[in-house]
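Asker: Sharing a structure with you now.
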Amino acid sequence: MKRYRTHTCGELNRSHKKKQITLSGWINKKRDHGNLLFVDLRDNYGITQCVIDKSNEIFKQIEKIPLETVVKLIGVVVERSKETVNKNISTGEIEVKILNIDILGETKELPMPVFSDQEYSEEIRLKYRFLDLRRKKIHQNIILRSKVISFIRNEMQKVGFLEFQTPILTSSSPEGARDFLVPSRLNPGKFYALPQAPQQFKQLIMVSGFDKYFQIAPCFRDEDARADRSPGEFYQLDLEMSFVEQEDIFDVIETLFLKLFKKFSNKKILHEKFPRISFEDAMLKYGSDKPDLRNPLEISDLTSIFEREDVKFDIFKKLVKNGSIVRSLTTKNTKDKPRSFFDGIDKWAKEQGSSGLAYFTLEKEDKVSAKGPVGKFFSENSLLEIMKITKSSIGDTVFLSCGKKNDVEKILSIARNKIAEDLDLIDNDTFSFCWIIDYPMFEIDEITKKIKFSHNPFSMPQGELDKLDLINPLNLKAYQYDIVCNGIELSSGAIRNHVPELMYKLFEIAGYSKNDVDSKFSGMINALSYGAPPHGGIAPGIDRIVMLLANEKNIREVTMFPMNQNAQDLMMNAPSKVSDEQLKELNLNIKKNS
RNA sequence: GGGGGUGUAGCUCAGUUGGUUAGAGCACCUGCCUGUCACGCAGGGGGCCGAGGGUUCGAGUCCCUUCACUCCCGCCA
């Protein structure tokens, strides 16, 4: 006989009846009828109802055992009568008549209940994460995460990818996010950085001839948290392939994601061949490079309408003359919505810091007209043109935003989400994937007005390498792509620049001298000079994939031991002060008053 | 760094216009109850109303400051 258990709490059924068994687990819930006591015993695998009555001399003792005590009990499996079967649990056909019980682990009074589905404050959940993790929903989420990662590993290995580990202590890089730094004891005054991603290493793996690499890679970025962004650390399915073009990477990911999302979710997948949308189109039609394609609303450019003589909307016309643009969102068949609906959206837009959204609804009696506060400014011909551009019809409403391009894109992007939500246009039972492609290589930094890399400095520019227009670098597009699902950016990737001479030129445009590149990216630039294969890759975020599959809005719900928003681990008390001896060894002084 | 929300019993929350001794459910303790599965019933203990200051005859409630948690903006190649 095994010491702690013969079965788990999730496996007993009618076939075990009359058997004497041993179970170990936590007391999830008690229902005390005075002379009859039900005890729900829980472990990782499920819940088993155990029962004892006063005829047993240990009845009084068991009555007093608090919830969440760990016990071992010996009992006999009894089939339940039909009326008392519980269909909600896997063991609901039977119960266990308790013969004896041993307490294995006592509990203090609980800071939070485990059996309840109630929501609790993050503070208490994170401090007592080990209790929180016993709760059903998050327990299942973490198991899902484990299964997802195993599945990915297995699939990647099946198609010939090799899994490698890359260093955790590496060097700081000037591009990208803030680094986490680790002082070096043996090299006083010098620091390691934790990798923001194994970017240079995975390219070096390609130069080393391994052809296809992947890793479930921890990534560290010292930036502020969001609901879908852990402070500090997160995981990527990091992968890189040699001798490939963009579409080869897309194939690998589409195949993997279709299998993965079909296996772990029942939701529909909107397009099995993920649409490719250029960055430019995405910014025009959705105002964002991470569009939610479940949302049918689209944006159109109506700037030219406000250059017409027969349009009298003078405020917008004047702004357009001075370089502003006008874009619109059309909602289908909203003519019967109350005035308060439209004004509510305008008010909301103003709260978001924009100048608001003008709107009119298309009508037709004898001729086409526009109803609404600004409707009178539009001639019939201009309305017909608007209908053509926006693909709208009579009964639809056109919302207008006028301003600088960035501002218009921004407000219409969030208005698109807001209006779709208000009108309930989003099918929550769907995954909508798409690729955003053709990112510009460079962009203008709004603050410094200098040219900087818009995405990844190691990306390969598009076009014949000897004909690249380096004079007008803002026109350069890169083999750089994002994959988006339901409006969530899952990953960026790129075909890499494996030509050192070109790399120097591109970095020069972004303001890095040859010496800068040689010293900051020494490992990689050096390697590219010794026969580097064309290569590319991508790195989808594991946490966000699991969030989508678990239908969770917060990354902490799929992370076993997350930090809070201030990047503190309330359970382990990290970060913490260290001793003077430790500091001395590392040659560090802490500034006073800080 | 900036903006919003929340903070009352171990936990989840209610608390009216500023007015007696701050309530409920769960948990905990006592008692009753042999078919519950969020069991039920009766009773009990448990409160620096996040902290500090102010207004007032009187503050959980109004004002100021501050702290914690959270959401968002900035940031995240």
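In the structure tokens, each chain is lettered A, B, ... as it comes, each chain's residues begin at 1, and ligands are numbered from 1 in order of appearance.
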Excluding G40 in chain B and its own-chain neighbours fewer than 3 positions away, which residues fall within 10 Å of it when counting only C-alpha atoms (C1' of nucleotides)? Please give them as a ChimeraX atom specification.
Answerer: /A:31-33 /B:33,36
Asker: In range 50-174 of chain A, what's helix (DSSP H, G or I) per DSSP? Answer as a compact mmCIF listing (two decimals) with all heavy atoms, in the first residue's frame?
Answerer:
```txt
# COMPACT_ATOMS: atom_id res chain seq x y z
N PHE A 59 -15.53 11.22 14.23
CA PHE A 59 -16.42 12.22 13.65
C PHE A 59 -16.19 13.61 14.24
O PHE A 59 -16.02 14.59 13.54
CB PHE A 59 -17.87 11.77 13.85
CG PHE A 59 -18.88 12.75 13.33
CD1 PHE A 59 -19.21 12.77 11.98
CD2 PHE A 59 -19.50 13.66 14.18
CE1 PHE A 59 -20.13 13.67 11.49
CE2 PHE A 59 -20.42 14.58 13.69
CZ PHE A 59 -20.74 14.58 12.35
N LYS A 60 -16.17 13.68 15.58
CA LYS A 60 -16.01 14.96 16.27
C LYS A 60 -14.69 15.63 15.91
O LYS A 60 -14.61 16.86 15.77
CB LYS A 60 -16.10 14.77 17.80
CG LYS A 60 -17.51 14.58 18.30
CD LYS A 60 -18.26 15.92 18.34
CE LYS A 60 -19.76 15.68 18.49
NZ LYS A 60 -20.56 16.85 18.09
N GLN A 61 -13.65 14.81 15.75
CA GLN A 61 -12.32 15.35 15.42
C GLN A 61 -12.33 15.95 14.01
O GLN A 61 -11.83 17.04 13.78
CB GLN A 61 -11.29 14.21 15.53
CG GLN A 61 -9.87 14.63 15.21
CD GLN A 61 -9.03 13.49 14.65
OE1 GLN A 61 -9.32 12.31 14.86
NE2 GLN A 61 -8.00 13.86 13.91
N ILE A 62 -12.96 15.23 13.08
CA ILE A 62 -12.97 15.71 11.69
C ILE A 62 -13.79 16.98 11.55
O ILE A 62 -13.44 17.89 10.80
CB ILE A 62 -13.51 14.60 10.76
CG1 ILE A 62 -12.56 13.40 10.77
CG2 ILE A 62 -13.66 15.13 9.34
CD1 ILE A 62 -12.98 12.28 9.88
N GLU A 63 -14.89 17.06 12.30
CA GLU A 63 -15.73 18.27 12.28
C GLU A 63 -14.92 19.52 12.54
O GLU A 63 -15.23 20.59 12.04
CB GLU A 63 -16.80 18.15 13.38
CG GLU A 63 -18.16 17.77 12.90
CD GLU A 63 -19.18 17.88 14.03
OE1 GLU A 63 -18.85 17.55 15.19
OE2 GLU A 63 -20.31 18.31 13.75
N LYS A 82 -28.94 7.68 -7.23
CA LYS A 82 -29.17 8.51 -8.41
C LYS A 82 -29.40 9.98 -8.06
O LYS A 82 -28.87 10.88 -8.72
CB LYS A 82 -30.38 7.99 -9.19
CG LYS A 82 -29.95 7.24 -10.44
CD LYS A 82 -31.13 6.86 -11.30
CE LYS A 82 -30.72 5.78 -12.30
NZ LYS A 82 -31.77 4.80 -12.57
N GLU A 83 -30.22 10.22 -7.04
CA GLU A 83 -30.59 11.61 -6.72
C GLU A 83 -29.40 12.40 -6.21
O GLU A 83 -29.42 13.62 -6.23
CB GLU A 83 -31.69 11.66 -5.64
CG GLU A 83 -32.79 10.63 -5.73
CD GLU A 83 -32.36 9.30 -5.10
OE1 GLU A 83 -32.25 9.19 -3.87
OE2 GLU A 83 -32.12 8.36 -5.89
N THR A 84 -28.39 11.72 -5.70
CA THR A 84 -27.31 12.46 -5.06
C THR A 84 -26.05 12.53 -5.92
O THR A 84 -25.03 13.03 -5.49
CB THR A 84 -26.95 11.82 -3.69
OG1 THR A 84 -26.57 10.48 -3.92
CG2 THR A 84 -28.11 11.89 -2.74
N GLU A 122 -5.50 42.29 -5.67
CA GLU A 122 -4.23 41.78 -6.16
C GLU A 122 -3.22 41.65 -5.03
O GLU A 122 -2.40 40.74 -5.02
CB GLU A 122 -3.67 42.73 -7.23
CG GLU A 122 -4.44 42.72 -8.51
CD GLU A 122 -4.33 41.41 -9.25
OE1 GLU A 122 -3.28 40.76 -9.15
OE2 GLU A 122 -5.31 41.03 -9.91
N GLU A 123 -3.29 42.58 -4.11
CA GLU A 123 -2.31 42.59 -3.04
C GLU A 123 -2.34 41.27 -2.27
O GLU A 123 -1.30 40.65 -2.03
CB GLU A 123 -2.61 43.77 -2.11
CG GLU A 123 -1.42 44.20 -1.32
CD GLU A 123 -1.69 45.46 -0.54
OE1 GLU A 123 -2.76 46.07 -0.75
OE2 GLU A 123 -0.84 45.82 0.27
N ILE A 124 -3.55 40.86 -1.91
CA ILE A 124 -3.68 39.65 -1.12
C ILE A 124 -3.38 38.42 -1.98
O ILE A 124 -2.75 37.47 -1.54
CB ILE A 124 -5.09 39.59 -0.49
CG1 ILE A 124 -5.05 38.82 0.81
CG2 ILE A 124 -6.14 39.01 -1.40
CD1 ILE A 124 -4.89 39.71 1.99
N ARG A 125 -3.79 38.48 -3.24
CA ARG A 125 -3.54 37.34 -4.12
C ARG A 125 -2.05 37.13 -4.36
O ARG A 125 -1.56 36.01 -4.40
CB ARG A 125 -4.23 37.56 -5.47
CG ARG A 125 -5.72 37.48 -5.42
CD ARG A 125 -6.33 37.62 -6.79
NE ARG A 125 -5.91 36.55 -7.68
CZ ARG A 125 -6.16 36.55 -8.99
NH1 ARG A 125 -6.80 37.56 -9.54
NH2 ARG A 125 -5.76 35.54 -9.74
N LEU A 126 -1.32 38.24 -4.53
CA LEU A 126 0.10 38.11 -4.86
C LEU A 126 0.92 37.76 -3.63
O LEU A 126 1.88 37.01 -3.71
CB LEU A 126 0.61 39.40 -5.49
CG LEU A 126 0.01 39.71 -6.87
CD1 LEU A 126 0.59 40.98 -7.44
CD2 LEU A 126 0.21 38.55 -7.83
N LYS A 127 0.49 38.29 -2.48
CA LYS A 127 1.22 37.97 -1.26
C LYS A 127 1.07 36.50 -0.90
O LYS A 127 2.00 35.85 -0.45
CB LYS A 127 0.72 38.85 -0.11
CG LYS A 127 1.47 38.64 1.16
CD LYS A 127 1.24 39.75 2.15
CE LYS A 127 2.04 39.47 3.42
NZ LYS A 127 1.59 40.33 4.53
N ARG A 129 0.27 33.98 -3.05
CA ARG A 129 0.08 33.39 -4.37
C ARG A 129 -0.13 31.89 -4.29
O ARG A 129 -0.88 31.31 -5.07
CB ARG A 129 1.29 33.72 -5.26
CG ARG A 129 1.08 33.39 -6.72
CD ARG A 129 -0.07 34.17 -7.32
NE ARG A 129 -0.04 34.20 -8.78
CZ ARG A 129 -0.96 34.81 -9.51
NH1 ARG A 129 -1.98 35.42 -8.91
NH2 ARG A 129 -0.90 34.82 -10.82
N PHE A 130 0.54 31.23 -3.33
CA PHE A 130 0.42 29.78 -3.22
C PHE A 130 -1.01 29.37 -2.88
O PHE A 130 -1.45 28.29 -3.24
CB PHE A 130 1.40 29.23 -2.17
CG PHE A 130 1.39 30.01 -0.89
CD1 PHE A 130 0.51 29.71 0.11
CD2 PHE A 130 2.27 31.10 -0.72
CE1 PHE A 130 0.49 30.44 1.29
CE2 PHE A 130 2.26 31.83 0.46
CZ PHE A 130 1.35 31.50 1.46
N LEU A 131 -1.74 30.24 -2.17
CA LEU A 131 -3.16 29.96 -1.92
C LEU A 131 -3.99 30.28 -3.16
O LEU A 131 -4.87 29.53 -3.56
CB LEU A 131 -3.68 30.82 -0.75
CG LEU A 131 -3.21 30.45 0.64
CD1 LEU A 131 -3.79 31.44 1.65
CD2 LEU A 131 -3.65 29.04 1.00
N ASP A 132 -3.67 31.43 -3.75
CA ASP A 132 -4.39 31.85 -4.96
C ASP A 132 -4.30 30.79 -6.04
O ASP A 132 -5.28 30.47 -6.71
CB ASP A 132 -3.78 33.18 -5.42
CG ASP A 132 -4.62 33.86 -6.47
OD1 ASP A 132 -5.87 33.75 -6.41
OD2 ASP A 132 -4.05 34.53 -7.34
N LYS A 136 -9.43 27.23 -8.53
CA LYS A 136 -9.69 26.44 -9.74
C LYS A 136 -9.26 27.16 -11.03
O LYS A 136 -8.52 26.61 -11.83
CB LYS A 136 -11.17 26.10 -9.80
CG LYS A 136 -11.46 25.08 -10.87
CD LYS A 136 -12.90 24.63 -10.82
CE LYS A 136 -13.17 23.65 -11.96
NZ LYS A 136 -14.58 23.31 -12.05
N LYS A 137 -9.73 28.38 -11.20
CA LYS A 137 -9.56 29.02 -12.50
C LYS A 137 -8.08 29.25 -12.81
O LYS A 137 -7.59 28.86 -13.86
CB LYS A 137 -10.32 30.35 -12.51
CG LYS A 137 -10.41 30.92 -13.89
CD LYS A 137 -11.42 32.04 -13.92
CE LYS A 137 -11.42 32.73 -15.26
NZ LYS A 137 -11.56 34.19 -15.11
N ILE A 138 -7.37 29.87 -11.87
CA ILE A 138 -5.97 30.17 -12.15
C ILE A 138 -5.14 28.89 -12.18
O ILE A 138 -4.21 28.76 -12.96
CB ILE A 138 -5.40 31.22 -11.16
CG1 ILE A 138 -4.03 31.65 -11.64
CG2 ILE A 138 -5.39 30.69 -9.76
CD1 ILE A 138 -3.56 32.92 -11.04
N HIS A 139 -5.52 27.91 -11.37
CA HIS A 139 -4.83 26.62 -11.39
C HIS A 139 -4.91 26.02 -12.80
O HIS A 139 -3.91 25.55 -13.35
CB HIS A 139 -5.50 25.69 -10.37
CG HIS A 139 -4.64 24.54 -9.94
ND1 HIS A 139 -3.75 24.62 -8.90
CD2 HIS A 139 -4.53 23.28 -10.43
CE1 HIS A 139 -3.13 23.46 -8.76
NE2 HIS A 139 -3.60 22.63 -9.67
N GLN A 140 -6.11 26.09 -13.38
CA GLN A 140 -6.29 25.56 -14.74
C GLN A 140 -5.53 26.38 -15.77
O GLN A 140 -4.99 25.84 -16.73
CB GLN A 140 -7.79 25.51 -15.09
CG GLN A 140 -8.57 24.48 -14.28
CD GLN A 140 -7.95 23.09 -14.31
OE1 GLN A 140 -7.51 22.61 -15.36
NE2 GLN A 140 -7.87 22.44 -13.15
N ASN A 141 -5.50 27.71 -15.57
CA ASN A 141 -4.74 28.56 -16.50
C ASN A 141 -3.27 28.19 -16.54
O ASN A 141 -2.64 28.16 -17.60
CB ASN A 141 -4.86 30.04 -16.10
CG ASN A 141 -6.20 30.63 -16.49
OD1 ASN A 141 -7.00 30.00 -17.17
ND2 ASN A 141 -6.45 31.85 -16.06
N ILE A 142 -2.71 27.93 -15.36
CA ILE A 142 -1.29 27.61 -15.28
C ILE A 142 -1.02 26.24 -15.91
O ILE A 142 -0.01 26.03 -16.58
CB ILE A 142 -0.79 27.67 -13.81
CG1 ILE A 142 -1.00 29.07 -13.23
CG2 ILE A 142 0.65 27.24 -13.70
CD1 ILE A 142 -0.24 30.18 -13.92
N ILE A 143 -1.95 25.32 -15.71
CA ILE A 143 -1.81 24.01 -16.36
C ILE A 143 -1.90 24.17 -17.87
O ILE A 143 -1.12 23.56 -18.62
CB ILE A 143 -2.89 23.03 -15.83
CG1 ILE A 143 -2.57 22.66 -14.38
CG2 ILE A 143 -2.98 21.78 -16.70
CD1 ILE A 143 -3.64 21.84 -13.68
N LEU A 144 -2.83 25.02 -18.31
CA LEU A 144 -2.95 25.29 -19.75
C LEU A 144 -1.63 25.82 -20.31
O LEU A 144 -1.16 25.38 -21.35
CB LEU A 144 -4.08 26.30 -20.01
CG LEU A 144 -4.18 26.83 -21.44
CD1 LEU A 144 -4.63 25.72 -22.39
CD2 LEU A 144 -5.14 28.02 -21.53
N ARG A 145 -1.05 26.75 -19.57
CA ARG A 145 0.22 27.33 -20.01
C ARG A 145 1.27 26.24 -20.19
O ARG A 145 2.00 26.22 -21.18
CB ARG A 145 0.68 28.37 -18.98
CG ARG A 145 1.96 29.07 -19.38
CD ARG A 145 2.43 30.00 -18.27
NE ARG A 145 3.70 30.55 -18.65
CZ ARG A 145 3.93 31.84 -18.88
NH1 ARG A 145 2.98 32.71 -18.71
NH2 ARG A 145 5.11 32.25 -19.26
N SER A 146 1.34 25.34 -19.22
CA SER A 146 2.31 24.26 -19.30
C SER A 146 2.06 23.41 -20.55
O SER A 146 2.99 23.06 -21.28
CB SER A 146 2.21 23.38 -18.05
OG SER A 146 2.94 22.21 -18.21
N LYS A 147 0.79 23.11 -20.80
CA LYS A 147 0.47 22.26 -21.95
C LYS A 147 0.76 22.97 -23.26
O LYS A 147 1.22 22.34 -24.22
CB LYS A 147 -1.01 21.85 -21.90
CG LYS A 147 -1.28 20.83 -20.81
CD LYS A 147 -2.73 20.41 -20.80
CE LYS A 147 -2.94 19.27 -19.80
NZ LYS A 147 -4.36 19.02 -19.53
N VAL A 148 0.49 24.27 -23.30
CA VAL A 148 0.75 25.04 -24.51
C VAL A 148 2.25 25.02 -24.83
O VAL A 148 2.66 24.79 -25.97
CB VAL A 148 0.26 26.50 -24.34
CG1 VAL A 148 0.85 27.42 -25.40
CG2 VAL A 148 -1.27 26.55 -24.41
N ILE A 149 3.05 25.22 -23.79
CA ILE A 149 4.50 25.25 -24.01
C ILE A 149 5.01 23.88 -24.46
O ILE A 149 5.81 23.77 -25.39
CB ILE A 149 5.23 25.76 -22.74
CG1 ILE A 149 4.93 27.25 -22.57
CG2 ILE A 149 6.72 25.49 -22.82
CD1 ILE A 149 5.48 27.87 -21.32
N SER A 150 4.51 22.81 -23.84
CA SER A 150 4.92 21.46 -24.27
C SER A 150 4.53 21.22 -25.71
O SER A 150 5.31 20.66 -26.49
CB SER A 150 4.23 20.40 -23.41
OG SER A 150 4.59 20.53 -22.09
N PHE A 151 3.31 21.65 -26.06
CA PHE A 151 2.82 21.44 -27.43
C PHE A 151 3.71 22.16 -28.43
O PHE A 151 4.11 21.60 -29.45
CB PHE A 151 1.37 21.95 -27.52
CG PHE A 151 0.75 21.75 -28.88
CD1 PHE A 151 0.17 20.53 -29.22
CD2 PHE A 151 0.73 22.77 -29.81
CE1 PHE A 151 -0.40 20.35 -30.46
CE2 PHE A 151 0.16 22.60 -31.06
CZ PHE A 151 -0.41 21.38 -31.39
N ILE A 152 4.03 23.42 -28.10
CA ILE A 152 4.88 24.21 -29.01
C ILE A 152 6.23 23.53 -29.19
O ILE A 152 6.72 23.34 -30.30
CB ILE A 152 5.05 25.64 -28.47
CG1 ILE A 152 3.73 26.41 -28.59
CG2 ILE A 152 6.16 26.36 -29.21
CD1 ILE A 152 3.75 27.78 -27.94
N ARG A 153 6.84 23.11 -28.08
CA ARG A 153 8.14 22.44 -28.15
C ARG A 153 8.08 21.24 -29.08
O ARG A 153 8.91 21.05 -29.96
CB ARG A 153 8.53 21.91 -26.76
CG ARG A 153 9.20 22.89 -25.90
CD ARG A 153 10.25 22.21 -24.99
NE ARG A 153 11.06 23.26 -24.42
CZ ARG A 153 10.78 23.85 -23.26
NH1 ARG A 153 9.74 23.47 -22.55
NH2 ARG A 153 11.55 24.82 -22.82
N ASN A 154 7.05 20.46 -28.86
CA ASN A 154 6.89 19.24 -29.63
C ASN A 154 6.73 19.54 -31.12
O ASN A 154 7.38 18.92 -31.96
CB ASN A 154 5.66 18.52 -29.07
CG ASN A 154 5.60 17.08 -29.49
OD1 ASN A 154 6.63 16.51 -29.85
ND2 ASN A 154 4.42 16.52 -29.47
N GLU A 155 5.87 20.51 -31.44
CA GLU A 155 5.63 20.84 -32.85
C GLU A 155 6.89 21.42 -33.50
O GLU A 155 7.18 21.12 -34.65
CB GLU A 155 4.48 21.87 -32.96
CG GLU A 155 3.12 21.32 -32.61
CD GLU A 155 2.67 20.20 -33.54
OE1 GLU A 155 2.82 20.36 -34.77
OE2 GLU A 155 2.21 19.16 -33.03
N MET A 156 7.59 22.24 -32.77
CA MET A 156 8.80 22.85 -33.33
C MET A 156 9.84 21.77 -33.62
O MET A 156 10.50 21.79 -34.66
CB MET A 156 9.38 23.89 -32.37
CG MET A 156 8.52 25.11 -32.14
SD MET A 156 8.13 26.01 -33.65
CE MET A 156 9.69 26.80 -33.98
N GLN A 157 9.97 20.84 -32.69
CA GLN A 157 10.95 19.78 -32.90
C GLN A 157 10.56 18.90 -34.08
O GLN A 157 11.40 18.47 -34.86
CB GLN A 157 11.12 18.96 -31.62
CG GLN A 157 12.04 19.68 -30.64
CD GLN A 157 11.90 19.21 -29.20
OE1 GLN A 157 11.02 18.41 -28.89
NE2 GLN A 157 12.74 19.74 -28.33
N LYS A 158 9.24 18.69 -34.22
CA LYS A 158 8.75 17.87 -35.33
C LYS A 158 9.15 18.45 -36.69
O LYS A 158 9.38 17.70 -37.63
CB LYS A 158 7.22 17.78 -35.29
CG LYS A 158 6.68 16.57 -34.58
CD LYS A 158 5.21 16.36 -34.96
CE LYS A 158 4.34 16.24 -33.74
NZ LYS A 158 2.92 16.36 -34.04
```
Asker: Do a neighbour search on G53 in chain B at 12 Å with only C-alpha atoms (C1' of nucleotides), toss out local chain neighbours closer than 4 positions, and write the hits as a PyMOL selection string.
Answerer: chain B and resi 63-66
Asker: Kindly determine which residues of chain B lie within 12 Å of chain A, considering only C-alpha atoms (C1' of nucleotides), and give the answer as a PDB file with C-alpha atoms (C1' of nucleotides), in the first residue's frame.
Answerer:
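Done, and the output landed in iface.pdb:
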```
ATOM      1  C1'   G B   1       6.874  61.319 -14.683  1.00  0.00           C
ATOM      2  C1'   G B   3      -4.192  61.140 -15.345  1.00  0.00           C
ATOM      3  C1'   G B   4      -8.444  57.970 -13.567  1.00  0.00           C
ATOM      4  C1'   U B   6     -10.364  51.718  -5.356  1.00  0.00           C
ATOM      5  C1'   G B   7      -9.082  51.459   0.033  1.00  0.00           C
ATOM      6  C1'   G B  10      -9.318  37.558   8.133  1.00  0.00           C
ATOM      7  C1'   C B  11     -11.993  37.887   2.896  1.00  0.00           C
ATOM      8  C1'   U B  12     -15.998  40.203  -0.425  1.00  0.00           C
ATOM      9  C1'   C B  13     -18.849  44.393   0.180  1.00  0.00           C
ATOM     10  C1'   C B  26     -18.264  34.050   3.784  1.00  0.00           C
ATOM     11  C1'   A B  27     -14.318  32.431   7.159  1.00  0.00           C
ATOM     12  C1'   C B  28     -13.397  31.554  12.634  1.00  0.00           C
ATOM     13  C1'   C B  29     -15.647  29.911  17.761  1.00  0.00           C
ATOM     14  C1'   G B  31     -24.823  24.939  20.015  1.00  0.00           C
ATOM     15  C1'   C B  32     -28.782  22.294  16.940  1.00  0.00           C
ATOM     16  C1'   C B  33     -29.468  19.364  12.547  1.00  0.00           C
ATOM     17  C1'   U B  34     -28.181  12.002   8.764  1.00  0.00           C
ATOM     18  C1'   G B  35     -28.001  13.487   2.067  1.00  0.00           C
ATOM     19  C1'   U B  36     -25.475  17.973   1.355  1.00  0.00           C
ATOM     20  C1'   C B  37     -22.567  19.476  -2.840  1.00  0.00           C
ATOM     21  C1'   A B  38     -21.925  27.887  -2.082  1.00  0.00           C
ATOM     22  C1'   C B  39     -26.247  22.651   3.052  1.00  0.00           C
ATOM     23  C1'   G B  40     -29.552  24.977   6.741  1.00  0.00           C
ATOM     24  C1'   C B  41     -30.820  27.240  11.685  1.00  0.00           C
ATOM     25  C1'   A B  68      -0.931  51.089  -1.051  1.00  0.00           C
ATOM     26  C1'   C B  69      -3.280  48.362  -5.018  1.00  0.00           C
ATOM     27  C1'   U B  70      -5.103  48.820  -9.933  1.00  0.00           C
ATOM     28  C1'   C B  71      -6.254  50.788 -15.084  1.00  0.00           C
ATOM     29  C1'   C B  72      -4.476  54.151 -18.728  1.00  0.00           C
ATOM     30  C1'   C B  73      -0.804  57.842 -21.110  1.00  0.00           C
ATOM     31  C1'   G B  74       4.449  58.355 -21.539  1.00  0.00           C
ATOM     32  C1'   C B  75       7.829  54.066 -22.162  1.00  0.00           C
ATOM     33  C1'   C B  76       7.957  48.874 -24.313  1.00  0.00           C
ATOM     34  C1'   A B  77      14.130  48.505 -31.162  1.00  0.00           C
TER      35        A B  77
END
```
Asker: Give me, as a VMD selection string, all polymer residues having an atom no more than 10 Å from range 429-436 of chain A, counting only C-alpha atoms (C1' of nucleotides) and skipping those fewer than 3 positions away in the same chain.
Answerer: chain A and resid 250 254 257 to 258 261 265 to 282 289 to 295 426 439 480 to 492 548 to 549
Asker: Take the residues from that selection and put them in a file with C-alpha atoms, as a compact mmCIF listing (two decimals), in the first residue's frame.
Answerer:
```
# COMPACT_ATOMS: atom_id res chain seq x y z
CA PHE A 250 4.85 32.97 -42.13
CA GLU A 254 0.58 29.90 -39.48
CA PHE A 257 -0.78 28.71 -34.64
CA LEU A 258 -3.62 26.96 -36.45
CA PHE A 261 -5.35 27.51 -31.31
CA SER A 265 -9.66 26.59 -27.89
CA ASN A 266 -13.07 26.04 -29.45
CA LYS A 267 -13.22 29.53 -30.91
CA LYS A 268 -13.48 29.97 -34.66
CA ILE A 269 -10.49 31.20 -36.63
CA LEU A 270 -11.63 33.97 -38.96
CA HIS A 271 -9.03 33.54 -41.73
CA GLU A 272 -7.02 30.32 -41.86
CA LYS A 273 -4.67 32.03 -44.31
CA PHE A 274 -3.74 35.03 -42.21
CA PRO A 275 -4.34 38.26 -44.20
CA ARG A 276 -1.24 40.32 -45.05
CA ILE A 277 -1.83 44.02 -44.48
CA SER A 278 0.81 46.61 -45.20
CA PHE A 279 1.70 48.94 -42.36
CA GLU A 280 0.49 51.85 -44.48
CA ASP A 281 -2.90 50.25 -45.18
CA ALA A 282 -3.33 49.27 -41.57
CA ASP A 289 -0.70 48.54 -36.68
CA LYS A 290 -2.49 46.06 -34.45
CA PRO A 291 -6.01 46.04 -35.84
CA ASP A 292 -8.74 43.84 -34.44
CA LEU A 293 -10.15 42.33 -37.62
CA ARG A 294 -13.18 40.99 -35.79
CA ASN A 295 -14.28 44.60 -35.87
CA ILE A 426 -17.32 42.11 -32.12
CA TYR A 439 7.17 48.41 -42.02
CA GLN A 480 9.80 43.49 -40.95
CA TYR A 481 6.47 42.10 -39.82
CA ASP A 482 4.15 41.77 -36.87
CA ILE A 483 1.59 39.12 -36.17
CA VAL A 484 -1.62 40.35 -34.56
CA CYS A 485 -4.58 38.49 -33.09
CA ASN A 486 -7.78 40.20 -31.97
CA GLY A 487 -6.03 43.54 -31.73
CA ILE A 488 -3.17 42.17 -29.64
CA GLU A 489 0.37 42.28 -30.98
CA LEU A 490 1.74 38.78 -30.48
CA SER A 491 5.11 39.30 -32.03
CA SER A 492 7.50 41.15 -34.26
CA LEU A 548 -5.91 34.55 -25.67
CA LEU A 549 -6.42 30.83 -25.17
```
Asker: Taking the DSSP assignment computed from this structure's backbone, write out as a ChimeraX atom specification all residues of range 319-391 of chain A that belong to strand (DSSP E).
Answerer: /A:325-331,358-364,368-371
Asker: What is the distance between CA of Lys391 in chain A and CA of Asn333 in chain A, in Å to one decimal?
Answerer: 12.5 Å
Asker: What does the distance between CA of Asp445 in chain A and CA of Met283 in chain A come to in Å, to one decimal place?
Answerer: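 Pair CA of Asp445 in chain A / CA of Met283 in chain A returns 17.8 Å.
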Asker: Contacts of range 180-186 of chain A at 7 Å or less, counting only C-alpha atoms (C1' of nucleotides), minus same-chain residues fewer than 6 places along, as number ranges by chain?
Answerer: A: 192-194, 220-222, 585-586
Asker: Rank nothing, just name the residue among A:Glu363, A:Asn381, A:Val558, A:Lys87 nearest to Glu309 in chain A, using only C-alpha atoms.
Answerer: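 Result for the nearest residue to Glu309 in chain A: A:Asn381.
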Asker: Have a look at CA of Leu302 in chain A and CA of Asp424 in chain A and let me know their distance in Å, one decimal.
Answerer: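 Atom-to-atom, CA of Leu302 in chain A to CA of Asp424 in chain A, that is 26.0 Å.
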Asker: For Tyr213 in chain A, work out the shell of residues within 6 Å, counting only C-alpha atoms (C1' of nucleotides) and skipping chain neighbours fewer than 5 positions away, then give it as a list in words.
Answerer: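 Counting only the stated atoms, we get Phe161, Leu162, Glu163, Leu239 and Glu240 of chain A.
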